[in-house]
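**Student:** CSV, C-alpha atoms, saved as model.csv, coming up:
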chain,number,residue,atom,x,y,z
X,1,MET,CA,147.0,99.2,101.3
X,2,ARG,CA,146.6,102.6,99.7
X,3,LEU,CA,143.0,103.6,99.4
X,4,GLY,CA,143.6,106.2,96.7
X,5,PHE,CA,145.3,103.6,94.5
X,6,VAL,CA,142.4,101.1,95.0
X,7,LEU,CA,139.8,103.7,94.2
X,8,LYS,CA,141.7,104.9,91.1
X,9,GLU,CA,142.0,101.4,89.7
X,10,ALA,CA,138.4,100.5,90.5
X,11,PHE,CA,137.0,103.5,88.7
X,12,SER,CA,139.4,103.0,85.8
X,13,GLY,CA,138.1,99.5,85.4
X,14,LEU,CA,134.5,100.7,85.6
X,15,THR,CA,135.2,103.2,82.8
X,16,LYS,CA,137.0,100.7,80.5
X,17,ASN,CA,134.2,98.1,80.9
X,18,ALA,CA,131.2,100.5,80.9
X,19,SER,CA,128.9,98.2,78.8
X,20,MET,CA,129.5,95.2,81.1
X,21,VAL,CA,129.1,97.3,84.2
X,22,VAL,CA,125.7,98.6,82.9
X,23,SER,CA,124.7,94.9,82.3
X,24,VAL,CA,125.6,94.1,85.9
X,25,VAL,CA,123.7,97.1,87.2
X,26,LEU,CA,120.6,96.1,85.2
X,27,VAL,CA,120.6,92.4,86.2
X,28,THR,CA,121.2,93.4,89.8
X,29,PHE,CA,118.4,95.9,89.6
X,30,ILE,CA,115.9,93.5,88.1
X,31,SER,CA,116.7,90.6,90.4
X,32,LEU,CA,116.7,92.6,93.6
X,33,THR,CA,113.4,94.2,92.6
X,34,PHE,CA,111.9,90.8,92.4
X,35,VAL,CA,113.4,89.9,95.8
X,36,GLY,CA,111.8,93.1,97.3
X,37,VAL,CA,108.4,92.4,95.7
X,38,ALA,CA,108.5,88.8,97.1
X,39,ILE,CA,109.3,90.1,100.6
X,40,LEU,CA,106.5,92.7,100.5
X,41,LEU,CA,104.0,90.1,99.1
X,42,GLN,CA,104.8,87.8,102.1
X,43,GLN,CA,104.3,90.8,104.4
X,44,GLN,CA,101.0,91.6,102.7
X,45,VAL,CA,99.7,88.0,102.9
X,46,GLY,CA,100.7,87.9,106.6
X,47,ALA,CA,98.9,91.2,107.4
X,48,MET,CA,95.7,90.1,105.5
X,49,LYS,CA,95.7,86.7,107.2
X,50,ALA,CA,96.1,88.3,110.7
X,51,TYR,CA,93.3,90.7,110.0
X,52,TRP,CA,90.7,88.5,108.2
X,53,TYR,CA,91.3,85.2,110.0
X,54,ASP,CA,90.7,86.9,113.3
X,55,ARG,CA,87.4,88.2,112.0
X,56,ALA,CA,86.3,85.1,110.2
X,57,GLN,CA,83.2,83.6,111.7
X,58,VAL,CA,81.4,80.3,111.6
X,59,GLN,CA,78.0,80.8,110.0
X,60,ILE,CA,75.2,78.5,110.9
X,61,THR,CA,72.2,78.6,108.5
X,62,PHE,CA,68.9,77.1,109.5
X,63,CYS,CA,66.3,75.4,107.4
X,64,SER,CA,63.7,77.5,105.6
X,65,SER,CA,60.3,76.2,104.3
X,66,VAL,CA,61.7,75.7,100.8
X,67,ASP,CA,64.8,73.6,101.7
X,68,GLU,CA,64.0,70.1,100.5
X,69,THR,CA,67.2,68.5,101.8
X,70,ALA,CA,67.0,65.3,103.9
X,71,GLN,CA,67.9,67.3,107.0
X,72,CYS,CA,65.2,69.9,106.4
X,73,GLY,CA,62.4,68.2,104.5
X,74,GLY,CA,60.7,71.4,103.6
X,75,THR,CA,60.2,72.4,107.2
X,76,ALA,CA,61.6,75.7,108.6
X,77,ALA,CA,63.6,75.5,111.8
X,78,SER,CA,61.6,76.3,114.8
X,79,ASP,CA,62.5,79.0,117.4
X,80,GLU,CA,63.2,76.2,119.9
X,81,GLN,CA,65.7,74.5,117.6
X,82,ILE,CA,67.5,77.8,116.9
X,83,GLN,CA,67.6,78.6,120.7
X,84,ALA,CA,68.9,75.1,121.4
X,85,VAL,CA,71.8,75.5,119.0
X,86,ALA,CA,72.6,79.0,120.4
X,87,ALA,CA,72.5,77.7,124.0
X,88,SER,CA,74.9,74.8,123.1
X,89,LEU,CA,77.4,77.4,121.7
X,90,THR,CA,77.5,79.3,125.0
X,91,ALA,CA,77.6,76.3,127.3
X,92,ALA,CA,80.5,74.0,128.0
X,93,PRO,CA,82.4,72.6,126.2
X,94,LEU,CA,81.8,74.7,123.1
X,95,GLY,CA,81.5,77.9,125.2
X,96,ASP,CA,85.2,77.6,126.0
X,97,TYR,CA,86.1,78.2,122.3
X,98,VAL,CA,83.4,80.7,121.4
X,99,GLN,CA,83.9,84.4,121.9
X,100,SER,CA,80.4,85.7,120.9
X,101,VAL,CA,77.2,84.4,119.3
X,102,GLN,CA,74.9,86.6,117.1
X,103,THR,CA,71.5,85.3,116.2
X,104,LEU,CA,69.7,86.7,113.2
X,105,SER,CA,66.1,86.0,112.4
X,106,ALA,CA,64.9,85.2,108.9
X,107,GLU,CA,63.6,88.8,108.6
X,108,GLU,CA,67.0,90.2,109.6
X,109,VAL,CA,68.8,88.0,107.2
X,110,LEU,CA,66.5,89.0,104.4
X,111,ALA,CA,67.0,92.7,105.2
X,112,GLU,CA,70.7,92.3,105.1
X,113,THR,CA,70.5,90.3,101.8
X,114,LYS,CA,68.5,93.1,100.2
X,115,GLU,CA,71.0,95.7,101.4
X,116,VAL,CA,74.0,93.8,99.9
X,117,LEU,CA,72.2,92.9,96.7
X,118,LYS,CA,70.1,96.0,96.4
X,119,ASP,CA,70.9,96.4,92.7
X,120,ASN,CA,69.6,92.9,91.9
X,121,PRO,CA,65.8,93.0,91.2
X,122,ILE,CA,65.5,89.3,92.2
X,123,VAL,CA,65.9,90.1,95.9
X,124,GLU,CA,62.6,92.0,95.8
X,125,THR,CA,60.8,88.7,95.3
X,126,LEU,CA,62.2,87.1,98.4
X,127,THR,CA,60.1,86.7,101.5
X,128,PRO,CA,61.1,85.7,105.1
X,129,ASP,CA,59.8,82.2,104.7
X,130,LEU,CA,62.2,81.7,101.8
X,131,VAL,CA,65.2,82.6,103.9
X,132,GLY,CA,66.6,80.7,106.9
X,133,ALA,CA,67.6,82.2,110.2
X,134,GLN,CA,71.4,82.4,111.0
X,135,ILE,CA,73.7,82.2,113.9
X,136,ARG,CA,77.2,83.8,113.4
X,137,VAL,CA,79.8,82.6,115.8
X,138,THR,CA,83.1,84.5,116.5
X,139,MET,CA,85.8,82.2,117.8
X,140,GLN,CA,88.4,83.0,120.4
X,141,ASP,CA,90.8,81.2,118.1
X,142,PRO,CA,89.7,80.9,114.5
X,143,SER,CA,91.8,77.7,114.1
X,144,ASN,CA,89.3,75.9,116.4
X,145,ALA,CA,86.4,76.6,114.1
X,146,ASP,CA,86.2,72.9,113.1
X,147,ILE,CA,85.1,72.1,116.6
X,148,VAL,CA,81.9,74.1,116.2
X,149,VAL,CA,81.3,72.9,112.7
X,150,GLU,CA,81.5,69.3,113.7
X,151,SER,CA,79.4,69.8,116.8
X,152,VAL,CA,76.4,71.5,115.3
X,153,ALA,CA,76.4,70.3,111.7
X,154,ASP,CA,73.9,67.5,112.6
X,155,ALA,CA,71.8,69.5,115.0
X,156,SER,CA,68.1,69.5,114.3
X,157,GLY,CA,67.0,72.3,112.0
X,158,VAL,CA,70.5,73.2,110.8
X,159,LEU,CA,70.9,73.4,107.0
X,160,SER,CA,74.6,74.1,106.8
X,161,VAL,CA,77.6,75.2,108.8
X,162,ASP,CA,80.3,77.2,107.0
X,163,ASP,CA,83.7,78.3,108.2
X,164,GLN,CA,84.2,81.6,106.5
X,165,ARG,CA,88.0,81.0,106.4
X,166,ALA,CA,87.4,78.6,103.5
X,167,TYR,CA,86.4,81.5,101.3
X,168,LEU,CA,89.6,83.3,102.1
X,169,GLU,CA,91.9,80.4,101.3
X,170,PRO,CA,91.8,80.7,97.5
X,171,ILE,CA,92.8,84.4,97.7
X,172,PHE,CA,95.7,83.6,100.0
X,173,ASN,CA,96.7,80.7,97.8
X,174,ILE,CA,96.9,83.0,94.8
X,175,LEU,CA,99.0,85.5,96.7
X,176,ASN,CA,101.3,82.8,98.0
X,177,ALA,CA,101.7,81.5,94.4
X,178,ALA,CA,102.5,85.0,93.2
X,179,SER,CA,105.1,85.4,95.9
X,180,ALA,CA,106.7,82.0,95.2
X,181,ALA,CA,106.9,82.9,91.5
X,182,ALA,CA,108.6,86.2,92.3
X,183,ILE,CA,111.0,84.4,94.6
X,184,GLY,CA,111.8,81.8,91.8
X,185,ILE,CA,112.4,84.5,89.2
X,186,ALA,CA,114.5,86.5,91.7
X,187,VAL,CA,116.7,83.5,92.4
X,188,LEU,CA,117.3,82.9,88.7
X,189,MET,CA,118.1,86.5,88.2
X,190,LEU,CA,120.5,86.6,91.2
X,191,VAL,CA,122.3,83.6,89.7
X,192,ALA,CA,122.6,85.4,86.4
X,193,ALA,CA,123.9,88.5,88.3
X,194,VAL,CA,126.6,86.4,90.1
X,195,LEU,CA,127.7,84.8,86.8
X,196,LEU,CA,127.7,88.2,85.0
X,197,ILE,CA,129.7,89.8,87.8
X,198,SER,CA,132.2,87.0,87.7
X,199,THR,CA,132.6,87.3,84.0
X,200,THR,CA,132.9,91.0,84.1
X,201,ILE,CA,135.7,90.9,86.7
X,202,ARG,CA,137.6,88.2,84.8
X,203,LEU,CA,137.4,90.3,81.6
X,204,SER,CA,138.5,93.4,83.4
X,205,ALA,CA,141.4,91.5,84.9
X,206,PHE,CA,142.3,90.1,81.4
X,207,SER,CA,142.3,93.6,79.9
X,208,ARG,CA,144.7,94.8,82.6
X,209,ARG,CA,146.9,91.7,82.7
X,210,ARG,CA,149.9,93.9,81.9
X,211,GLU,CA,149.3,96.1,84.9
X,212,ILE,CA,148.7,93.0,87.1
X,213,GLY,CA,152.1,91.6,85.9
X,214,ILE,CA,153.9,94.8,86.8
X,215,MET,CA,152.3,94.9,90.2
X,216,ARG,CA,153.4,91.4,90.9
X,217,LEU,CA,157.0,92.2,89.8
X,218,VAL,CA,157.1,95.1,92.3
X,219,GLY,CA,156.0,92.8,95.1
X,220,ALA,CA,152.3,93.8,95.4
X,221,SER,CA,150.3,91.3,97.5
X,222,ASN,CA,147.3,89.5,96.1
X,223,SER,CA,145.0,91.5,98.4
X,224,VAL,CA,146.2,94.7,96.8
X,225,ILE,CA,145.7,93.4,93.3
X,226,GLU,CA,142.3,91.9,94.1
X,227,ALA,CA,140.8,95.0,96.0
X,228,PRO,CA,140.1,97.2,92.9
X,229,PHE,CA,138.3,94.4,91.1
X,230,VAL,CA,136.2,93.5,94.1
X,231,LEU,CA,135.3,97.2,94.5
X,232,GLU,CA,134.2,97.4,90.8
X,233,GLY,CA,131.7,94.6,91.4
X,234,VAL,CA,130.5,96.1,94.6
X,235,ILE,CA,130.0,99.6,93.1
X,236,ALA,CA,128.0,98.2,90.2
X,237,ALA,CA,125.9,96.1,92.6
X,238,VAL,CA,125.3,99.0,94.9
X,239,ILE,CA,124.0,101.1,92.0
X,240,GLY,CA,121.7,98.3,90.9
X,241,SER,CA,120.4,97.6,94.5
X,242,VAL,CA,119.7,101.3,95.1
X,243,LEU,CA,117.8,101.5,91.8
X,244,SER,CA,115.8,98.4,92.9
X,245,GLY,CA,115.0,100.0,96.3
X,246,ALA,CA,113.8,103.2,94.5
X,247,ALA,CA,111.7,101.0,92.2
X,248,LEU,CA,110.2,99.2,95.2
X,249,VAL,CA,109.3,102.5,96.8
X,250,ALA,CA,107.7,103.7,93.6
X,251,ILE,CA,105.7,100.6,93.2
X,252,VAL,CA,104.3,100.9,96.8
X,253,GLN,CA,103.6,104.7,96.4
X,254,PHE,CA,102.0,104.7,93.0
X,255,PHE,CA,100.5,101.2,92.6
X,256,VAL,CA,99.8,99.9,96.1
X,257,LYS,CA,98.8,103.1,97.9
X,258,GLY,CA,97.6,104.8,94.7
X,259,GLN,CA,95.8,102.4,92.4
X,260,LEU,CA,95.0,99.6,94.9
X,261,GLY,CA,94.3,102.0,97.7
X,262,THR,CA,91.7,103.8,95.6
X,263,THR,CA,90.1,100.6,94.3
X,264,LEU,CA,89.8,99.1,97.7
X,265,GLY,CA,88.8,102.3,99.4
X,266,GLY,CA,91.6,102.4,101.9
X,267,THR,CA,95.2,101.4,102.6
X,268,GLY,CA,94.9,100.2,106.2
X,269,LEU,CA,95.7,96.6,105.3
X,270,LEU,CA,98.2,97.3,102.5
X,271,VAL,CA,101.9,97.5,102.8
X,272,GLY,CA,103.2,101.0,102.9
X,273,LEU,CA,106.3,103.2,102.4
X,274,ARG,CA,107.5,102.2,105.9
X,275,ASP,CA,107.5,98.5,104.9
X,276,ALA,CA,109.3,99.3,101.6
X,277,ALA,CA,111.9,101.5,103.4
X,278,MET,CA,112.7,98.6,105.8
X,279,VAL,CA,113.3,96.3,102.8
X,280,VAL,CA,115.6,98.6,100.9
X,281,PRO,CA,118.7,98.2,103.3
X,282,LEU,CA,118.2,94.4,103.0
X,283,LEU,CA,118.3,94.7,99.2
X,284,VAL,CA,121.5,96.8,99.3
X,285,ALA,CA,123.1,94.3,101.7
X,286,ILE,CA,122.2,91.3,99.5
X,287,GLY,CA,123.6,93.1,96.4
X,288,VAL,CA,126.9,94.1,98.1
X,289,LEU,CA,127.4,90.6,99.6
X,290,LEU,CA,126.7,88.8,96.3
X,291,ALA,CA,128.9,91.2,94.4
X,292,ALA,CA,131.8,91.0,96.9
X,293,VAL,CA,131.8,87.2,97.1
X,294,SER,CA,131.4,86.6,93.3
X,295,ALA,CA,134.0,89.2,92.4
X,296,SER,CA,136.5,87.9,95.0
X,297,VAL,CA,136.1,84.3,93.9
X,298,ALA,CA,136.5,85.3,90.2
X,299,ILE,CA,139.6,87.4,90.7
X,300,LYS,CA,141.2,84.8,93.0
X,301,ARG,CA,140.7,82.1,90.4
X,302,TYR,CA,142.1,84.3,87.6
X,303,LEU,CA,145.2,85.2,89.6
X,304,ARG,CA,145.8,81.5,90.3
X,305,VAL,CA,145.8,80.7,86.6
Represent the structure of the file as structure tokens.
**Tutor:**
Amino acid sequence: MRLGFVLKEAFSGLTKNASMVVSVVLVTFISLTFVGVAILLQQQVGAMKAYWYDRAQVQITFCSSVDETAQCGGTAASDEQIQAVAASLTAAPLGDYVQSVQTLSAEEVLAETKEVLKDNPIVETLTPDLVGAQIRVTMQDPSNADIVVESVADASGVLSVDDQRAYLEPIFNILNAASAAAIGIAVLMLVAAVLLISTTIRLSAFSRRREIGIMRLVGASNSVIEAPFVLEGVIAAVIGSVLSGAALVAIVQFFVKGQLGTTLGGTGLLVGLRDAAMVVPLLVAIGVLLAAVSASVAIKRYLRV
């Protein structure tokens, strides 16, 4: 097979069907951009889960003198009750699951609350007797937090036991939903790209039906006839996939590292240019594969007619 002939025919087809080629490039560009965004979103969710879940604690809040629940009855937890819960967390069997235990008195909890809510004038009216002491438990494996929750929830003097991972779940659910939506849109766009490539190749073959007939008369094999048309689709898809890769890098650079990084005060947990650069070759490979397969099927079907 003469490479020069194949290239000449391919570029001739691209020139004659410029509008359709531009359509293929745009559809490929948009669909693969969504694919890249979905991949980076999954990487982002994974990185955030690995970071925050490992740092999520079990927070045990003790009764204060104003807690009128049945478990507290308006009586603040005594030092003995707090020490008893702390001791149970370091002794077997709970001690096998617990990495560290931090006990905060009511005064320390109040000071921390005032620091966090320093712009809220209401915190200035709080006093230690209105705030319960706390124990913060760091688990060796955060997935075992339920063991601690169930073991100390009914202990004397305990108001509530909270697994901080529960506060993170809604955030990760939103990110997962956004990722799933991006994947869904990407799949639809990829289907549209496949159909458009197939249509473009069939139209290109129809417009050159005379040349195809002459090639058949002189004994050209089907592979020689098909190669320029497949190459047309691949070239258009490569252009679209490269553009999608560039768009992905731009999104990470200017939106993730720029705007989000500034808003969050750092980019340590955010996907970076290295992550985007690793996705770009995958996008190009997907674009080339889809274009080659769809173009090959389309021209084979046309030649059989």
**Student:** Interatomic distance between CA of Lys118 (chain X) and CA of Ser105 (chain X)?
**Tutor:**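 Separating CA of Lys118 (chain X) from CA of Ser105 (chain X) is a distance of 19.3 Å.
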**Student:** Please report the interatomic distance between CA of Leu217 (chain X) and CA of Arg304 (chain X) in Å with one decimal.
**Tutor:** 15.5 Å
**Student:** If we count only C-alpha atoms, what is near Leu283 (chain X) at a cut-off of 9 Å, once residues fewer than 6 positions away on the same chain are taken out, given as number ranges by chain?
**Tutor:** X: 32-33, 35-36, 241-242, 244-245
**Student:** I need the chosen residues saved as a compact mmCIF listing (two decimals), in the frame of the given file, with C-alpha atoms.
**Tutor:**
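Saved as selection20.txt:
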# COMPACT_ATOMS: atom_id res chain seq x y z
CA LEU X 32 116.70 92.60 93.60
CA THR X 33 113.40 94.20 92.60
CA VAL X 35 113.40 89.90 95.80
CA GLY X 36 111.80 93.10 97.30
CA SER X 241 120.40 97.60 94.50
CA VAL X 242 119.70 101.30 95.10
CA SER X 244 115.80 98.40 92.90
CA GLY X 245 115.00 100.00 96.30
**Student:** Rank X:Leu40, X:Val279, X:Val152, X:Ala166 by their smallest atom-to-atom distance to Ala56 (chain X), using all atoms listed in the file, and report the top residue only.
**Tutor:**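 Counting all atoms listed in the file, the residue closest to Ala56 (chain X) is X:Ala166.
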**Student:** Please compute the CA of Ser204 (chain X)-CA of Phe229 (chain X) distance, one decimal, in Å.
**Tutor:** 7.8 Å
**Student:** Choose the residue, out of X:Gln43, X:Val149, X:Ser156, X:Met139, that has the smallest atom-to-atom separation from Gly73 (chain X); count only C-alpha atoms.
**Tutor:**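 Ranking X:Gln43, X:Val149, X:Ser156, X:Met139 by distance to Gly73 (chain X), first place goes to X:Ser156.
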**Student:** For Thr61 (chain X), which residue among X:Lys49, X:Gln134, X:Leu196, X:Thr90 is the nearest when counting only C-alpha atoms?
**Tutor:**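 For Thr61 (chain X), the nearest of the candidates is X:Gln134.
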**Student:** List as a ChimeraX atom specification: which residues have an atom within 10 Å of (82.4, 72.5, 114.1), counting only C-alpha atoms?
**Tutor:** /X:58,60,94,144-154,161-163
**Student:** Using only C-alpha atoms, which protein or nucleic acid residues come within 12 Å of Glu124 (chain X)? Drop anything in the same chain fewer than 5 positions from it, and give the result as a CSV table (one decimal) with C-alpha atoms, in the frame of the given file.
**Tutor:**
chain,number,residue,atom,x,y,z
X,110,LEU,CA,66.5,89.0,104.4
X,111,ALA,CA,67.0,92.7,105.2
X,113,THR,CA,70.5,90.3,101.8
X,114,LYS,CA,68.5,93.1,100.2
X,115,GLU,CA,71.0,95.7,101.4
X,117,LEU,CA,72.2,92.9,96.7
X,118,LYS,CA,70.1,96.0,96.4
X,119,ASP,CA,70.9,96.4,92.7
X,130,LEU,CA,62.2,81.7,101.8
**Student:** Ranking X:Val22, X:Val101, X:Ala133, X:Val123 by minimum distance to Ser65 (chain X) and counting all atoms listed in the file, which one comes first?
**Tutor:** X:Ala133
**Student:** Name the closest residue to Gly132 (chain X) among the candidates X:Gln164, X:Ser64, X:Thr199, X:Gln71; distances are taken between atoms, counting only C-alpha atoms.
**Tutor:** X:Ser64
**Student:** Val297 (chain X): which residues within 12 Å, counting all atoms listed in the file, same-chain residues fewer than 3 positions away excluded, as a ChimeraX atom specification?
**Tutor:** /X:194-195,197-199,201-202,226-227,229-230,233,290-294,300-304
**Student:** I'd like the contact shell of Asn176 (chain X) - 12 Å cut-off, only C-alpha atoms, skipping same-chain residues fewer than 3 positions apart - returned as a ChimeraX atom specification.
**Tutor:** /X:38-46,48-49,169-173,179-183
